[in-house]
$ cat my_file.tsv   # TSV, N, CA, C and O atoms and all ligand atoms
chain	number	residue	atom	x	y	z
H	1	MET	N	-22.80	-52.82	-24.21
H	1	MET	CA	-23.71	-53.96	-24.22
H	1	MET	C	-24.71	-53.82	-23.08
H	1	MET	O	-24.43	-53.17	-22.08
H	2	THR	N	-25.83	-54.50	-23.23
H	2	THR	CA	-26.87	-54.37	-22.21
H	2	THR	C	-27.60	-55.70	-22.01
H	2	THR	O	-27.59	-56.56	-22.91
H	3	TYR	N	-28.16	-55.84	-20.86
H	3	TYR	CA	-29.14	-56.91	-20.64
H	3	TYR	C	-30.50	-56.34	-21.02
H	3	TYR	O	-30.71	-55.10	-21.04
H	4	VAL	N	-31.44	-57.24	-21.34
H	4	VAL	CA	-32.74	-56.84	-21.86
H	4	VAL	C	-33.84	-57.62	-21.15
H	4	VAL	O	-33.71	-58.85	-20.98
H	5	ILE	N	-34.90	-56.94	-20.73
H	5	ILE	CA	-36.05	-57.63	-20.15
H	5	ILE	C	-37.01	-57.97	-21.27
H	5	ILE	O	-37.43	-57.11	-22.04
H	6	THR	N	-37.35	-59.23	-21.36
H	6	THR	CA	-38.26	-59.69	-22.42
H	6	THR	C	-39.70	-59.66	-21.91
H	6	THR	O	-39.97	-59.43	-20.72
H	7	SER	N	-40.62	-59.96	-22.80
H	7	SER	CA	-42.03	-59.94	-22.44
H	7	SER	C	-42.39	-61.04	-21.44
H	7	SER	O	-43.49	-61.05	-20.90
H	8	ALA	N	-41.46	-61.94	-21.16
H	8	ALA	CA	-41.71	-62.96	-20.12
H	8	ALA	C	-41.86	-62.32	-18.75
H	8	ALA	O	-42.30	-62.96	-17.81
H	9	CYS	N	-41.49	-61.06	-18.64
H	9	CYS	CA	-41.65	-60.31	-17.37
H	9	CYS	C	-43.13	-60.05	-17.06
H	9	CYS	O	-43.51	-60.00	-15.89
H	10	VAL	N	-43.95	-59.91	-18.10
H	10	VAL	CA	-45.37	-59.60	-17.89
H	10	VAL	C	-46.00	-60.69	-17.02
H	10	VAL	O	-45.84	-61.88	-17.29
H	11	GLY	N	-46.68	-60.25	-15.97
H	11	GLY	CA	-47.31	-61.22	-15.08
H	11	GLY	C	-46.45	-61.58	-13.89
H	11	GLY	O	-46.92	-62.21	-12.96
H	12	CYS	N	-45.19	-61.18	-13.89
H	12	CYS	CA	-44.31	-61.47	-12.74
H	12	CYS	C	-44.23	-60.25	-11.84
H	12	CYS	O	-44.87	-60.18	-10.81
H	13	LEU	N	-43.46	-59.26	-12.30
H	13	LEU	CA	-43.32	-58.00	-11.57
H	13	LEU	C	-42.97	-58.20	-10.10
H	13	LEU	O	-43.38	-57.41	-9.26
H	14	ASP	N	-42.21	-59.23	-9.81
H	14	ASP	CA	-41.87	-59.41	-8.39
H	14	ASP	C	-40.76	-58.45	-7.97
H	14	ASP	O	-40.47	-58.33	-6.79
H	15	ALA	N	-40.15	-57.79	-8.97
H	15	ALA	CA	-39.20	-56.71	-8.72
H	15	ALA	C	-37.88	-57.15	-8.10
H	15	ALA	O	-37.13	-56.31	-7.62
H	16	ALA	N	-37.58	-58.43	-8.13
H	16	ALA	CA	-36.27	-58.87	-7.64
H	16	ALA	C	-35.16	-58.17	-8.41
H	16	ALA	O	-34.11	-57.85	-7.86
H	17	CYS	N	-35.41	-57.92	-9.68
H	17	CYS	CA	-34.40	-57.26	-10.51
H	17	CYS	C	-34.12	-55.84	-10.03
H	17	CYS	O	-32.98	-55.38	-10.03
H	18	LEU	N	-35.17	-55.14	-9.63
H	18	LEU	CA	-35.00	-53.76	-9.15
H	18	LEU	C	-34.06	-53.72	-7.95
H	18	LEU	O	-33.20	-52.85	-7.84
H	19	GLU	N	-34.25	-54.68	-7.08
H	19	GLU	CA	-33.45	-54.70	-5.86
H	19	GLU	C	-32.01	-55.11	-6.15
H	19	GLU	O	-31.09	-54.72	-5.42
H	20	ALA	N	-31.80	-55.86	-7.21
H	20	ALA	CA	-30.45	-56.36	-7.52
H	20	ALA	C	-29.62	-55.37	-8.31
H	20	ALA	O	-28.39	-55.41	-8.24
H	21	CYS	N	-30.23	-54.47	-9.04
H	21	CYS	CA	-29.47	-53.59	-9.94
H	21	CYS	C	-28.67	-52.55	-9.14
H	21	CYS	O	-29.25	-51.74	-8.42
H	22	PRO	N	-27.35	-52.54	-9.30
H	22	PRO	CA	-26.52	-51.62	-8.51
H	22	PRO	C	-26.61	-50.17	-8.96
H	22	PRO	O	-26.17	-49.28	-8.23
H	23	ILE	N	-27.16	-49.94	-10.15
H	23	ILE	CA	-27.19	-48.54	-10.62
H	23	ILE	C	-28.62	-48.05	-10.90
H	23	ILE	O	-28.80	-46.99	-11.50
H	24	ASP	N	-29.60	-48.83	-10.49
H	24	ASP	CA	-31.00	-48.41	-10.62
H	24	ASP	C	-31.37	-48.01	-12.05
H	24	ASP	O	-31.98	-46.96	-12.28
H	25	CYS	N	-30.99	-48.86	-13.01
H	25	CYS	CA	-31.33	-48.53	-14.40
H	25	CYS	C	-32.50	-49.36	-14.92
H	25	CYS	O	-32.72	-49.45	-16.12
H	26	ILE	N	-33.26	-49.98	-14.00
H	26	ILE	CA	-34.46	-50.73	-14.39
H	26	ILE	C	-35.68	-49.91	-13.97
H	26	ILE	O	-35.82	-49.51	-12.82
H	27	LEU	N	-36.52	-49.64	-14.94
H	27	LEU	CA	-37.70	-48.80	-14.70
H	27	LEU	C	-38.91	-49.40	-15.41
H	27	LEU	O	-38.77	-50.29	-16.24
H	28	GLY	N	-40.08	-48.87	-15.08
H	28	GLY	CA	-41.29	-49.32	-15.75
H	28	GLY	C	-42.35	-48.27	-15.64
H	28	GLY	O	-42.14	-47.22	-15.01
H	29	PRO	N	-43.53	-48.53	-16.24
H	29	PRO	CA	-44.59	-47.55	-16.23
H	29	PRO	C	-45.24	-47.35	-14.87
H	29	PRO	O	-46.06	-46.44	-14.70
H	30	VAL	N	-44.90	-48.19	-13.92
H	30	VAL	CA	-45.44	-48.06	-12.56
H	30	VAL	C	-44.28	-47.71	-11.64
H	30	VAL	O	-43.23	-48.38	-11.65
H	31	ALA	N	-44.42	-46.64	-10.87
H	31	ALA	CA	-43.34	-46.19	-9.99
H	31	ALA	C	-42.99	-47.29	-8.99
H	31	ALA	O	-43.88	-48.00	-8.50
H	32	PRO	N	-41.69	-47.43	-8.67
H	32	PRO	CA	-41.27	-48.48	-7.74
H	32	PRO	C	-42.02	-48.45	-6.41
H	32	PRO	O	-42.34	-49.50	-5.86
H	33	GLU	N	-42.33	-47.25	-5.92
H	33	GLU	CA	-43.02	-47.19	-4.63
H	33	GLU	C	-44.47	-47.67	-4.75
H	33	GLU	O	-45.03	-48.25	-3.82
H	34	VAL	N	-45.08	-47.47	-5.91
H	34	VAL	CA	-46.44	-47.98	-6.15
H	34	VAL	C	-46.39	-49.50	-6.25
H	34	VAL	O	-47.22	-50.22	-5.67
H	35	LEU	N	-45.40	-49.98	-6.99
H	35	LEU	CA	-45.23	-51.43	-7.14
H	35	LEU	C	-45.02	-52.08	-5.76
H	35	LEU	O	-45.64	-53.10	-5.44
H	36	ALA	N	-44.20	-51.45	-4.94
H	36	ALA	CA	-43.89	-52.02	-3.63
H	36	ALA	C	-45.12	-52.09	-2.73
H	36	ALA	O	-45.19	-52.93	-1.83
H	37	ALA	N	-46.09	-51.21	-2.99
H	37	ALA	CA	-47.29	-51.18	-2.15
H	37	ALA	C	-48.29	-52.27	-2.50
H	37	ALA	O	-49.24	-52.51	-1.76
H	38	ILE	N	-48.08	-52.92	-3.64
H	38	ILE	CA	-48.98	-54.01	-4.06
H	38	ILE	C	-48.32	-55.34	-3.69
H	38	ILE	O	-47.15	-55.56	-4.03
H	39	PRO	N	-49.03	-56.21	-3.00
H	39	PRO	CA	-48.44	-57.51	-2.66
H	39	PRO	C	-47.91	-58.22	-3.90
H	39	PRO	O	-48.55	-58.19	-4.95
H	40	ARG	N	-46.74	-58.83	-3.79
H	40	ARG	CA	-46.11	-59.46	-4.94
H	40	ARG	C	-47.04	-60.44	-5.64
H	40	ARG	O	-47.07	-60.53	-6.86
H	41	SER	N	-47.83	-61.17	-4.85
H	41	SER	CA	-48.69	-62.20	-5.44
H	41	SER	C	-49.83	-61.60	-6.26
H	41	SER	O	-50.47	-62.30	-7.03
H	42	GLU	N	-50.09	-60.29	-6.10
H	42	GLU	CA	-51.21	-59.66	-6.81
H	42	GLU	C	-50.75	-58.80	-7.99
H	42	GLU	O	-51.58	-58.30	-8.74
H	43	ARG	N	-49.45	-58.58	-8.13
H	43	ARG	CA	-48.98	-57.62	-9.14
H	43	ARG	C	-49.34	-58.04	-10.56
H	43	ARG	O	-49.74	-57.22	-11.38
H	44	GLY	N	-49.19	-59.31	-10.87
H	44	GLY	CA	-49.50	-59.77	-12.22
H	44	GLY	C	-50.95	-59.57	-12.58
H	44	GLY	O	-51.27	-59.20	-13.71
H	45	LEU	N	-51.84	-59.76	-11.62
H	45	LEU	CA	-53.28	-59.61	-11.88
H	45	LEU	C	-53.70	-58.15	-11.91
H	45	LEU	O	-54.52	-57.74	-12.74
H	46	ARG	N	-53.14	-57.35	-11.03
H	46	ARG	CA	-53.57	-55.96	-10.92
H	46	ARG	C	-52.90	-55.04	-11.95
H	46	ARG	O	-53.36	-53.91	-12.17
H	47	LEU	N	-51.82	-55.51	-12.55
H	47	LEU	CA	-51.10	-54.70	-13.53
H	47	LEU	C	-50.93	-55.50	-14.82
H	47	LEU	O	-49.82	-55.80	-15.25
H	48	PRO	N	-52.05	-55.85	-15.47
H	48	PRO	CA	-51.95	-56.69	-16.67
H	48	PRO	C	-51.18	-56.01	-17.80
H	48	PRO	O	-51.36	-54.82	-18.05
H	49	GLY	N	-50.32	-56.76	-18.43
H	49	GLY	CA	-49.58	-56.23	-19.57
H	49	GLY	C	-48.37	-55.40	-19.22
H	49	GLY	O	-47.62	-55.00	-20.10
H	50	VAL	N	-48.18	-55.13	-17.93
H	50	VAL	CA	-47.08	-54.27	-17.52
H	50	VAL	C	-45.79	-55.08	-17.41
H	50	VAL	O	-45.78	-56.19	-16.90
H	51	GLN	N	-44.69	-54.51	-17.89
H	51	GLN	CA	-43.38	-55.10	-17.68
H	51	GLN	C	-42.38	-54.00	-17.36
H	51	GLN	O	-42.66	-52.81	-17.58
H	52	LEU	N	-41.24	-54.37	-16.85
H	52	LEU	CA	-40.17	-53.42	-16.57
H	52	LEU	C	-39.20	-53.41	-17.74
H	52	LEU	O	-39.18	-54.33	-18.57
H	53	PHE	N	-38.37	-52.37	-17.81
H	53	PHE	CA	-37.38	-52.24	-18.88
H	53	PHE	C	-36.03	-51.85	-18.30
H	53	PHE	O	-35.96	-51.12	-17.31
H	54	ILE	N	-34.97	-52.30	-18.95
H	54	ILE	CA	-33.60	-51.89	-18.59
H	54	ILE	C	-33.18	-50.78	-19.54
H	54	ILE	O	-33.33	-50.92	-20.76
H	55	HIS	N	-32.64	-49.69	-18.97
H	55	HIS	CA	-32.16	-48.61	-19.83
H	55	HIS	C	-30.91	-49.10	-20.57
H	55	HIS	O	-29.87	-49.33	-19.94
H	56	PRO	N	-30.99	-49.26	-21.89
H	56	PRO	CA	-29.89	-49.88	-22.61
H	56	PRO	C	-28.61	-49.05	-22.62
H	56	PRO	O	-27.53	-49.59	-22.83
H	57	ASP	N	-28.71	-47.76	-22.43
H	57	ASP	CA	-27.51	-46.91	-22.46
H	57	ASP	C	-26.88	-46.77	-21.09
H	57	ASP	O	-25.78	-46.22	-20.97
H	58	GLU	N	-27.57	-47.23	-20.06
H	58	GLU	CA	-27.03	-47.09	-18.70
H	58	GLU	C	-26.56	-48.42	-18.11
H	58	GLU	O	-25.70	-48.44	-17.23
H	59	CYS	N	-27.14	-49.50	-18.56
H	59	CYS	CA	-26.79	-50.83	-18.03
H	59	CYS	C	-25.29	-51.06	-18.12
H	59	CYS	O	-24.67	-50.80	-19.16
H	60	ILE	N	-24.69	-51.56	-17.04
H	60	ILE	CA	-23.24	-51.82	-17.03
H	60	ILE	C	-22.93	-53.30	-17.27
H	60	ILE	O	-21.82	-53.75	-17.01
H	61	ASP	N	-23.96	-54.05	-17.70
H	61	ASP	CA	-23.69	-55.40	-18.20
H	61	ASP	C	-23.21	-56.34	-17.10
H	61	ASP	O	-22.41	-57.23	-17.36
H	62	CYS	N	-23.70	-56.14	-15.87
H	62	CYS	CA	-23.16	-56.94	-14.75
H	62	CYS	C	-23.88	-58.27	-14.58
H	62	CYS	O	-23.34	-59.20	-13.97
H	63	GLY	N	-25.11	-58.37	-15.05
H	63	GLY	CA	-25.84	-59.64	-14.98
H	63	GLY	C	-26.52	-59.91	-13.65
H	63	GLY	O	-27.16	-60.96	-13.49
H	64	ALA	N	-26.42	-59.00	-12.69
H	64	ALA	CA	-27.01	-59.26	-11.37
H	64	ALA	C	-28.52	-59.45	-11.45
H	64	ALA	O	-29.09	-60.28	-10.74
H	65	CYS	N	-29.18	-58.70	-12.30
H	65	CYS	CA	-30.64	-58.80	-12.42
H	65	CYS	C	-31.05	-60.14	-13.00
H	65	CYS	O	-31.99	-60.79	-12.53
H	66	ALA	N	-30.34	-60.58	-14.02
H	66	ALA	CA	-30.68	-61.85	-14.68
H	66	ALA	C	-30.55	-63.01	-13.70
H	66	ALA	O	-31.34	-63.97	-13.74
H	67	ALA	N	-29.60	-62.92	-12.79
H	67	ALA	CA	-29.36	-64.01	-11.84
H	67	ALA	C	-30.51	-64.19	-10.85
H	67	ALA	O	-30.69	-65.27	-10.32
H	68	VAL	N	-31.29	-63.14	-10.62
H	68	VAL	CA	-32.35	-63.24	-9.61
H	68	VAL	C	-33.75	-63.27	-10.19
H	68	VAL	O	-34.73	-63.43	-9.47
H	69	CYS	N	-33.88	-63.12	-11.50
H	69	CYS	CA	-35.22	-63.07	-12.10
H	69	CYS	C	-35.86	-64.46	-12.10
H	69	CYS	O	-35.36	-65.38	-12.75
H	70	PRO	N	-36.98	-64.62	-11.38
H	70	PRO	CA	-37.58	-65.96	-11.28
H	70	PRO	C	-38.24	-66.42	-12.57
H	70	PRO	O	-38.54	-67.61	-12.73
H	71	ALA	N	-38.49	-65.48	-13.48
H	71	ALA	CA	-39.17	-65.83	-14.72
H	71	ALA	C	-38.19	-66.09	-15.86
H	71	ALA	O	-38.61	-66.41	-16.97
H	72	GLY	N	-36.91	-65.91	-15.61
H	72	GLY	CA	-35.94	-66.06	-16.69
H	72	GLY	C	-36.18	-65.06	-17.80
H	72	GLY	O	-35.93	-65.32	-18.98
H	73	ALA	N	-36.66	-63.88	-17.41
H	73	ALA	CA	-37.09	-62.89	-18.40
H	73	ALA	C	-35.96	-61.96	-18.85
H	73	ALA	O	-36.18	-61.15	-19.74
H	74	ILE	N	-34.79	-62.06	-18.23
H	74	ILE	CA	-33.72	-61.10	-18.55
H	74	ILE	C	-32.60	-61.82	-19.29
H	74	ILE	O	-32.02	-62.77	-18.78
H	75	LEU	N	-32.31	-61.34	-20.48
H	75	LEU	CA	-31.28	-61.95	-21.32
H	75	LEU	C	-30.25	-60.90	-21.72
H	75	LEU	O	-30.58	-59.70	-21.85
H	76	HIS	N	-29.01	-61.37	-21.94
H	76	HIS	CA	-28.01	-60.47	-22.53
H	76	HIS	C	-28.45	-60.20	-23.97
H	76	HIS	O	-29.03	-61.07	-24.63
H	77	GLU	N	-28.18	-59.01	-24.46
H	77	GLU	CA	-28.64	-58.69	-25.81
H	77	GLU	C	-28.11	-59.67	-26.86
H	77	GLU	O	-28.77	-59.93	-27.86
H	78	ASP	N	-26.93	-60.23	-26.62
H	78	ASP	CA	-26.38	-61.20	-27.57
H	78	ASP	C	-27.14	-62.52	-27.57
H	78	ASP	O	-26.98	-63.32	-28.49
H	79	ASP	N	-27.91	-62.75	-26.52
H	79	ASP	CA	-28.63	-64.03	-26.39
H	79	ASP	C	-30.10	-63.93	-26.79
H	79	ASP	O	-30.84	-64.91	-26.67
H	80	LEU	N	-30.54	-62.77	-27.24
H	80	LEU	CA	-31.94	-62.64	-27.69
H	80	LEU	C	-32.15	-63.50	-28.93
H	80	LEU	O	-31.26	-63.59	-29.78
H	81	PRO	N	-33.31	-64.12	-29.04
H	81	PRO	CA	-33.56	-64.92	-30.25
H	81	PRO	C	-33.63	-64.03	-31.50
H	81	PRO	O	-33.97	-62.84	-31.39
H	82	PRO	N	-33.29	-64.58	-32.66
H	82	PRO	CA	-33.36	-63.80	-33.89
H	82	PRO	C	-34.76	-63.20	-34.08
H	82	PRO	O	-35.76	-63.88	-33.86
H	83	GLY	N	-34.81	-61.93	-34.41
H	83	GLY	CA	-36.10	-61.28	-34.66
H	83	GLY	C	-36.79	-60.74	-33.42
H	83	GLY	O	-37.83	-60.11	-33.52
H	84	ALA	N	-36.22	-60.99	-32.24
H	84	ALA	CA	-36.86	-60.50	-31.01
H	84	ALA	C	-36.87	-58.97	-31.01
H	84	ALA	O	-35.90	-58.33	-31.42
H	85	ASP	N	-37.98	-58.40	-30.55
H	85	ASP	CA	-38.10	-56.93	-30.56
H	85	ASP	C	-37.90	-56.32	-29.16
H	85	ASP	O	-38.18	-55.15	-28.95
H	86	ASP	N	-37.41	-57.11	-28.23
H	86	ASP	CA	-37.35	-56.64	-26.84
H	86	ASP	C	-36.41	-55.45	-26.66
H	86	ASP	O	-36.71	-54.52	-25.91
H	87	LEU	N	-35.27	-55.45	-27.33
H	87	LEU	CA	-34.34	-54.32	-27.20
H	87	LEU	C	-34.92	-53.09	-27.90
H	87	LEU	O	-34.81	-51.97	-27.39
H	88	VAL	N	-35.57	-53.29	-29.01
H	88	VAL	CA	-36.21	-52.17	-29.72
H	88	VAL	C	-37.28	-51.55	-28.82
H	88	VAL	O	-37.38	-50.32	-28.71
H	89	ARG	N	-38.05	-52.39	-28.15
H	89	ARG	CA	-39.11	-51.88	-27.26
H	89	ARG	C	-38.51	-51.14	-26.07
H	89	ARG	O	-39.04	-50.12	-25.63
H	90	ALA	N	-37.38	-51.62	-25.56
H	90	ALA	CA	-36.73	-50.93	-24.44
H	90	ALA	C	-36.24	-49.55	-24.88
H	90	ALA	O	-36.43	-48.55	-24.18
H	91	ARG	N	-35.61	-49.49	-26.05
H	91	ARG	CA	-35.12	-48.18	-26.54
H	91	ARG	C	-36.30	-47.24	-26.74
H	91	ARG	O	-36.22	-46.04	-26.41
H	92	ALA	N	-37.39	-47.73	-27.27
H	92	ALA	CA	-38.57	-46.89	-27.50
H	92	ALA	C	-39.15	-46.41	-26.18
H	92	ALA	O	-39.58	-45.26	-26.05
H	93	TYR	N	-39.14	-47.28	-25.17
H	93	TYR	CA	-39.70	-46.89	-23.86
H	93	TYR	C	-38.92	-45.72	-23.29
H	93	TYR	O	-39.53	-44.76	-22.77
H	94	PHE	N	-37.61	-45.74	-23.38
H	94	PHE	CA	-36.82	-44.67	-22.77
H	94	PHE	C	-36.75	-43.42	-23.64
H	94	PHE	O	-36.36	-42.36	-23.16
H	95	ARG	N	-37.10	-43.55	-24.91
H	95	ARG	CA	-37.17	-42.36	-25.76
H	95	ARG	C	-38.46	-41.60	-25.55
H	95	ARG	O	-38.54	-40.40	-25.81
H	96	ALA	N	-39.49	-42.33	-25.09
H	96	ALA	CA	-40.83	-41.73	-25.01
H	96	ALA	C	-40.87	-40.64	-23.95
H	96	ALA	O	-40.11	-40.65	-23.01
F	101	LIG	S1	-37.52	-60.11	-11.73
F	101	LIG	FE1	-37.79	-60.63	-13.92
F	101	LIG	S2	-39.94	-61.04	-14.25
F	101	LIG	FE2	-39.71	-60.02	-12.21
F	101	LIG	S3	-40.01	-57.82	-12.61
F	101	LIG	FE3	-37.84	-58.20	-12.83
F	101	LIG	S4	-37.54	-58.71	-15.00
F	101	LIG	FE4	-39.69	-58.85	-14.58
F	102	LIG	S1	-27.15	-56.11	-15.97
F	102	LIG	FE1	-26.59	-55.06	-14.02
F	102	LIG	S2	-26.63	-52.88	-14.52
F	102	LIG	FE2	-27.74	-53.94	-16.17
F	102	LIG	S3	-29.85	-53.82	-15.53
F	102	LIG	FE3	-29.06	-55.78	-14.80
F	102	LIG	S4	-28.36	-55.38	-12.70
F	102	LIG	FE4	-28.65	-53.37	-13.70
$ encode --input "my_file.tsv" --output "structure tokens"
Amino acid sequence: MTYVITSACVGCLDAACLEACPIDCILGPVAPEVLAAIPRSERGLRLPGVQLFIHPDECIDCGACAAVCPAGAILHEDDLPPGADDLVRARAYFRA
């Protein structure tokens, strides 16, 4: 089982989830060191459309990231709404 980052992450990118994940299985199209160099308050504006993803095959289902996400963007896969494509998008991101 895995937790999943939904599109509610777009515009946040405060990266609290990155710091909370014990196995570093959260990644995105922007390298963590690049993200860290941009002030948190500017990330949503300077990186439009960007979100982070949880590697579904590596996540150990601990929930630490969901507990700290200020946007409520991280859900357990069982709690995704019917028809949500967030897990499909995460799998596609890591296959690419
Ligand atoms: S804490 Fe939540 S909204 Fe912020 S980057 Fe992580 S998943 Fe996205
Ligand atoms: S549930 Fe745990 S292991 Fe999975 S992404 Fe979140 S913090 Fe990392």
$ closest_atom_pairs --input "my_file.tsv" --of "chain H" --to "ligand LIG 101 (chain F)" --cutoff "6 Å" --atoms "only C-alpha atoms and all ligand atoms" --output "tab-separated table"
residue	atom	partner	partner_atom	distance
H:Ile5	CA	F:LIG101	S4	5.5
H:Cys9	CA	F:LIG101	S2	3.6
H:Cys12	CA	F:LIG101	S2	4.6
H:Leu13	CA	F:LIG101	S3	3.5
H:Asp14	CA	F:LIG101	FE2	4.4
H:Ala15	CA	F:LIG101	S3	4.1
H:Ala16	CA	F:LIG101	S1	4.5
H:Cys17	CA	F:LIG101	FE3	4.3
H:Leu52	CA	F:LIG101	FE4	5.8
H:Cys69	CA	F:LIG101	S1	3.8
H:Pro70	CA	F:LIG101	S1	5.9
H:Ala71	CA	F:LIG101	S2	4.9
H:Ala73	CA	F:LIG101	FE1	5.1
H:Ile74	CA	F:LIG101	S4	5.7
$ residues_around --input "my_file.tsv" --residues "Cys59 (chain H)" --least-positions-apart "4" --cutoff "7 Å" --atoms "all atoms listed in the file" --output "PDB file with N, CA, C and O atoms, keeping the file's coordinate frame"
ATOM      1  N   MET H   1     -22.800 -52.820 -24.210  1.00  0.00           N
ATOM      2  CA  MET H   1     -23.710 -53.960 -24.220  1.00  0.00           C
ATOM      3  C   MET H   1     -24.710 -53.820 -23.080  1.00  0.00           C
ATOM      4  O   MET H   1     -24.430 -53.170 -22.080  1.00  0.00           O
ATOM      5  N   THR H   2     -25.830 -54.500 -23.230  1.00  0.00           N
ATOM      6  CA  THR H   2     -26.870 -54.370 -22.210  1.00  0.00           C
ATOM      7  C   THR H   2     -27.600 -55.700 -22.010  1.00  0.00           C
ATOM      8  O   THR H   2     -27.590 -56.560 -22.910  1.00  0.00           O
ATOM      9  N   TYR H   3     -28.160 -55.840 -20.860  1.00  0.00           N
ATOM     10  CA  TYR H   3     -29.140 -56.910 -20.640  1.00  0.00           C
ATOM     11  C   TYR H   3     -30.500 -56.340 -21.020  1.00  0.00           C
ATOM     12  O   TYR H   3     -30.710 -55.100 -21.040  1.00  0.00           O
ATOM     13  N   CYS H  25     -30.990 -48.860 -13.010  1.00  0.00           N
ATOM     14  CA  CYS H  25     -31.330 -48.530 -14.400  1.00  0.00           C
ATOM     15  C   CYS H  25     -32.500 -49.360 -14.920  1.00  0.00           C
ATOM     16  O   CYS H  25     -32.720 -49.450 -16.120  1.00  0.00           O
ATOM     17  N   ILE H  54     -34.970 -52.300 -18.950  1.00  0.00           N
ATOM     18  CA  ILE H  54     -33.600 -51.890 -18.590  1.00  0.00           C
ATOM     19  C   ILE H  54     -33.180 -50.780 -19.540  1.00  0.00           C
ATOM     20  O   ILE H  54     -33.330 -50.920 -20.760  1.00  0.00           O
ATOM     21  N   HIS H  55     -32.640 -49.690 -18.970  1.00  0.00           N
ATOM     22  CA  HIS H  55     -32.160 -48.610 -19.830  1.00  0.00           C
ATOM     23  C   HIS H  55     -30.910 -49.100 -20.570  1.00  0.00           C
ATOM     24  O   HIS H  55     -29.870 -49.330 -19.940  1.00  0.00           O
TER      25      HIS H  55
END
$ axis_aligned_box --input "my_file.tsv" --around "region 2-11 of chain H" --padding-each-side "6 Å" --output "AutoDock Vina command-line options"
--center_x -36.6 --center_y -58.7 --center_z -18.1 --size_x 33.5 --size_y 20.6 --size_z 22.3
$ select_by_dssp --input "my_file.tsv" --residues "region 3-88 of chain H" --states "helix (DSSP H, G or I)" --output "ChimeraX atom specification"
/H:7-9,16-20,32-37,40-46,64-68,77-79,86-88
$ closest_atom_pairs --input "my_file.tsv" --of "chain H" --to "ligand LIG 102 (chain F)" --cutoff "6 Å" --atoms "only C-alpha atoms and all ligand atoms" --output "tab-separated table"
residue	atom	partner	partner_atom	distance
H:Tyr3	CA	F:LIG102	S1	5.1
H:Ala20	CA	F:LIG102	S4	5.7
H:Cys21	CA	F:LIG102	S4	3.5
H:Pro22	CA	F:LIG102	FE4	5.9
H:Ile23	CA	F:LIG102	S2	5.9
H:Cys25	CA	F:LIG102	FE4	5.6
H:Ile26	CA	F:LIG102	S3	5.7
H:Ile54	CA	F:LIG102	S3	5.2
H:Cys59	CA	F:LIG102	FE2	3.7
H:Ile60	CA	F:LIG102	S2	4.3
H:Asp61	CA	F:LIG102	S1	4.2
H:Cys62	CA	F:LIG102	FE1	4.0
H:Gly63	CA	F:LIG102	S1	3.9
H:Ala64	CA	F:LIG102	S4	4.3
H:Cys65	CA	F:LIG102	S4	4.1
$ atom_distance --input "my_file.tsv" --atom1 "CA of Asp85 (chain H)" --atom2 "CA of Phe53 (chain H)"
12.6 Å
$ select_by_dssp --input "my_file.tsv" --residues "chain H" --states "strand (DSSP E or B)" --output "VMD selection string"
chain H and resid 3 to 5 26 to 27 53 to 54 74 to 76
$ residues_around --input "my_file.tsv" --residues "Pro56 (chain H)" --least-positions-apart "6" --cutoff "12 Å" --atoms "only C-alpha atoms" --output "PyMOL selection string"
chain H and resi 1-5+25-27+76-77+86-95
$ closest_residue --input "my_file.tsv" --among "H:Leu80, H:Val68, H:Ala37, H:Val30" --to "Val50 (chain H)" --atoms "all atoms listed in the file"
H:Val30
$ atom_distance --input "my_file.tsv" --atom1 "CA of Ser41 (chain H)" --atom2 "atom N of Leu75 (chain H)"
22.3 Å
$ atom_distance --input "my_file.tsv" --atom1 "CA of Gly44 (chain H)" --atom2 "CA of Val10 (chain H)"
7.0 Å
$ closest_residue --input "my_file.tsv" --among "H:Ala84, H:Leu45, H:Ala8, H:Gln51" --to "Gly28 (chain H)" --atoms "only C-alpha atoms"
H:Gln51
